[in-house]
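The structure appears below as structure tokens.
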Amino acid sequence: MAEPGVALTGATGFLGAHLVRELLRRHRTLTVLARGDSASVLDRIGRFLRLAGASAELLDELPGRVRPVRTDLTRPRLGLSATAFRELADELDVLWHCAGDVTLGGDLAELRRVNVGGTRQMLDLAAAGRRQPLLHHVSTAFVAGAHRYGTIREDFLDDSAGFENHYERSKFEAEVLVRRWAAEHGRPVVVFRPSVLVTDLPRCADLPRHTVGLVGELVEKHLRQFGLADHWPPEHLRPVVRIVGDSTAHLNLLPVDTAASVMARLAEHPPSGGVDTFHIVHRWDTLIADLLAVLERIAPVRPRLVSGVPPDETSLEAAVRYYSAFGSYARQHRRFDDSRVRALLGNSTHCPRLDRNYLHATIRRAAASAARA
């Protein structure tokens, strides 16, 4: 049987780099659609795989197994000529779309340009291919928007509560576009909705960041800005930082390597024929209180959750509120249902609870990387 043609966008991103590893375990070759030139793309993928413990054999084989194609998600035909676009489309059996702008506090127009416009280009590529490639679209569990309570089902897609930020809105609109395309073309599509992805691996140079790791970088930035980075006073003298949130709130965090593995395993199952949507989530949520306890371990401050912005807000508190796009997530009590994932893979998708030691390693390493920058 001929080797299927598999392509992936976002291969140099945080999740995408882990998907490269999973796809290379299952396929001899992989086409990577990326903005950079071949040498830089292969270099970044190689550095990630080395950091993740890939074998010397895989690293040596990488140039022969990964074929970068220079593309631009924001341009018609991905910036390719009509001939090159058609040739690319015709060689594909499977298309993974993982690229996107993940800036939580980003500008809506720019987020739409990349996340919605880029998805539209991927749909055009899938429609043009004579083999009718199966699209695996990476969305986010946070298309649920500002629905802060209850259980979010895998087929739920409703914007009636609005969104916590423009990133969520752009991903919602992209998923709506995917569903409409699937219905109009009578094509199956697989949609993955990962939650907040994390890692306790150290960050290296220009390799991708992750959302919770960004908290560590913001902590380091604020500590330096306010002269606290090298000064650890006794606990009772440390400044109190009031953060708007709820101590009973929780957030779903999942190790990125687990997410990539689950997605790749789900992709081995034939699609149902419609739009198959899967929540890629942890069995157990992480309490916001645990995240704050970790913050207290890595910074000489005393974080305290409050119900609203204090009228006597300090400059440090204002800086945290201004730069942090995570405040809204400290008030959520919802849970994400993953019945469809468990129906196909059983309980083998479960990973251990993310305890405070894991969270500490995640945030501390990001802060240390920021301090060295």
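How things are named: the first chain in the structure tokens is A, the next is B, and so on; residues count from 1 in each chain; ligands count from 1 in the order shown.
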Expected answer as a PyMOL selection string: strand (DSSP E or B) residues in region 4-244 of chain A | chain A and resi 6-9+30-34+66-70+94-97+134-138+151-152+189-194+196-198+240-244
Excluding same-chain residues fewer than 2 positions from region 265-272 of chain A, what lies within 10 Å of it counting only C-alpha atoms, as a ChimeraX atom specification? /A:22-23,26,94,134,136,188-190,192,259-263,274-276,278,340-341,344-345,349
For the selection you just gave me, I'd like the residues written to a file as a short mmCIF file (atom, residue, chain, number, x, y, z; two decimals), in the first residue's frame, keeping C-alpha atoms.
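To be explicit, this is the file written out as part_15.cif:
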```cif
data_model
loop_
_atom_site.label_atom_id
_atom_site.label_comp_id
_atom_site.auth_asym_id
_atom_site.auth_seq_id
_atom_site.Cartn_x
_atom_site.Cartn_y
_atom_site.Cartn_z
CA GLU A 22 3.68 11.67 16.79
CA LEU A 23 3.11 11.76 13.03
CA ARG A 26 3.15 6.70 12.20
CA VAL A 94 -4.52 13.85 5.27
CA LEU A 134 -9.30 14.31 5.42
CA HIS A 136 -7.92 17.43 11.03
CA PRO A 188 -15.91 14.43 6.87
CA VAL A 189 -13.80 16.59 9.17
CA VAL A 190 -12.16 15.85 12.52
CA PHE A 192 -9.78 18.60 18.05
CA ALA A 259 -2.55 15.91 23.93
CA ALA A 260 -0.51 15.19 20.80
CA SER A 261 -0.53 11.46 21.50
CA VAL A 262 -4.30 11.36 22.03
CA MET A 263 -4.94 13.34 18.85
CA GLY A 274 -19.77 14.12 9.46
CA VAL A 275 -17.88 16.46 11.78
CA ASP A 276 -16.29 14.49 14.61
CA PHE A 278 -13.20 15.69 20.38
CA ARG A 340 -16.30 10.57 22.45
CA VAL A 341 -12.59 10.35 23.20
CA LEU A 344 -12.72 5.29 21.17
CA LEU A 345 -9.65 5.12 23.41
CA THR A 349 -5.92 8.68 27.70
#
```
Name the residues in contact with region 299-305 of chain A at a cut-off of 6 Å, using only C-alpha atoms, excluding same-chain residues fewer than 6 positions from it; report them as a short mmCIF file (atom, residue, chain, number, x, y, z; two decimals) with N, CA and C atoms, in the first residue's frame.
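Dumped to result_36.cif:
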```cif
data_model
loop_
_atom_site.label_atom_id
_atom_site.label_comp_id
_atom_site.auth_asym_id
_atom_site.auth_seq_id
_atom_site.Cartn_x
_atom_site.Cartn_y
_atom_site.Cartn_z
N TRP A 232 13.92 39.07 48.57
CA TRP A 232 12.91 38.20 49.17
C TRP A 232 12.77 38.56 50.65
N ARG A 238 6.05 40.70 52.61
CA ARG A 238 5.89 40.65 51.15
C ARG A 238 4.60 41.35 50.75
N PRO A 239 4.62 42.06 49.60
CA PRO A 239 3.42 42.79 49.19
C PRO A 239 2.29 41.84 48.82
N VAL A 240 1.08 42.21 49.21
CA VAL A 240 -0.11 41.48 48.81
C VAL A 240 -0.50 41.91 47.40
N VAL A 241 -0.76 40.94 46.54
CA VAL A 241 -1.22 41.23 45.18
C VAL A 241 -2.62 40.66 45.05
N ARG A 242 -3.59 41.54 44.91
CA ARG A 242 -4.99 41.12 44.79
C ARG A 242 -5.32 40.87 43.32
N ILE A 243 -5.82 39.67 43.06
CA ILE A 243 -6.14 39.24 41.70
C ILE A 243 -7.62 38.87 41.66
N VAL A 244 -8.31 39.39 40.67
CA VAL A 244 -9.74 39.10 40.56
C VAL A 244 -9.93 37.64 40.18
N GLY A 245 -10.70 36.92 40.99
CA GLY A 245 -10.94 35.51 40.71
C GLY A 245 -11.73 34.86 41.82
#
```
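Look at Arg334 (chain A): the protein and nucleic acid residues within 8 Å of it, using only C-alpha atoms and passing over chain neighbours fewer than 4 places away, are His147, Arg148, Tyr149, Gly150, Thr151, Ile152 and His250 of chain A.
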Just write the chosen residues, C-alpha atoms, as an mmCIF file, in the first residue's frame.
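Written output follows (out.cif):
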```
data_model
loop_
_atom_site.group_PDB
_atom_site.id
_atom_site.type_symbol
_atom_site.label_atom_id
_atom_site.label_comp_id
_atom_site.auth_asym_id
_atom_site.auth_seq_id
_atom_site.Cartn_x
_atom_site.Cartn_y
_atom_site.Cartn_z
ATOM 1 C CA HIS A 147 -20.060 29.856 29.412
ATOM 2 C CA ARG A 148 -18.428 29.582 32.837
ATOM 3 C CA TYR A 149 -20.620 26.927 34.458
ATOM 4 C CA GLY A 150 -21.931 23.466 33.686
ATOM 5 C CA THR A 151 -20.676 20.729 31.389
ATOM 6 C CA ILE A 152 -19.511 21.631 27.896
ATOM 7 C CA HIS A 250 -10.767 25.545 38.164
#
```
Just the number, please: distance in Å from CA of Thr199 (chain A) to CA of Val138 (chain A), one decimal.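 Separation between CA of Thr199 (chain A) and CA of Val138 (chain A): 18.6 Å.
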| query | Leaving out Gly106 (chain A) and any residue of its chain fewer than 5 positions from it, which residues lie within 10 Å of it when counting only C-alpha atoms, given as an NGL selection string? | reply | :A and (101 or 111 or 165-167 or 325)
Selection from above, C-alpha atoms, as a PDB file, in the first residue's frame, can you write it?
```pdb
ATOM      1  CA  ASP A 101      -2.284  33.026  16.362  1.00  0.00           C
ATOM      2  CA  LEU A 111      -6.594  37.109  14.956  1.00  0.00           C
ATOM      3  CA  ASN A 165     -11.204  37.402  24.663  1.00  0.00           C
ATOM      4  CA  HIS A 166     -10.791  37.909  20.929  1.00  0.00           C
ATOM      5  CA  TYR A 167      -8.720  34.735  20.569  1.00  0.00           C
ATOM      6  CA  ALA A 325      -5.057  37.831  29.834  1.00  0.00           C
TER       7      ALA A 325
END
```
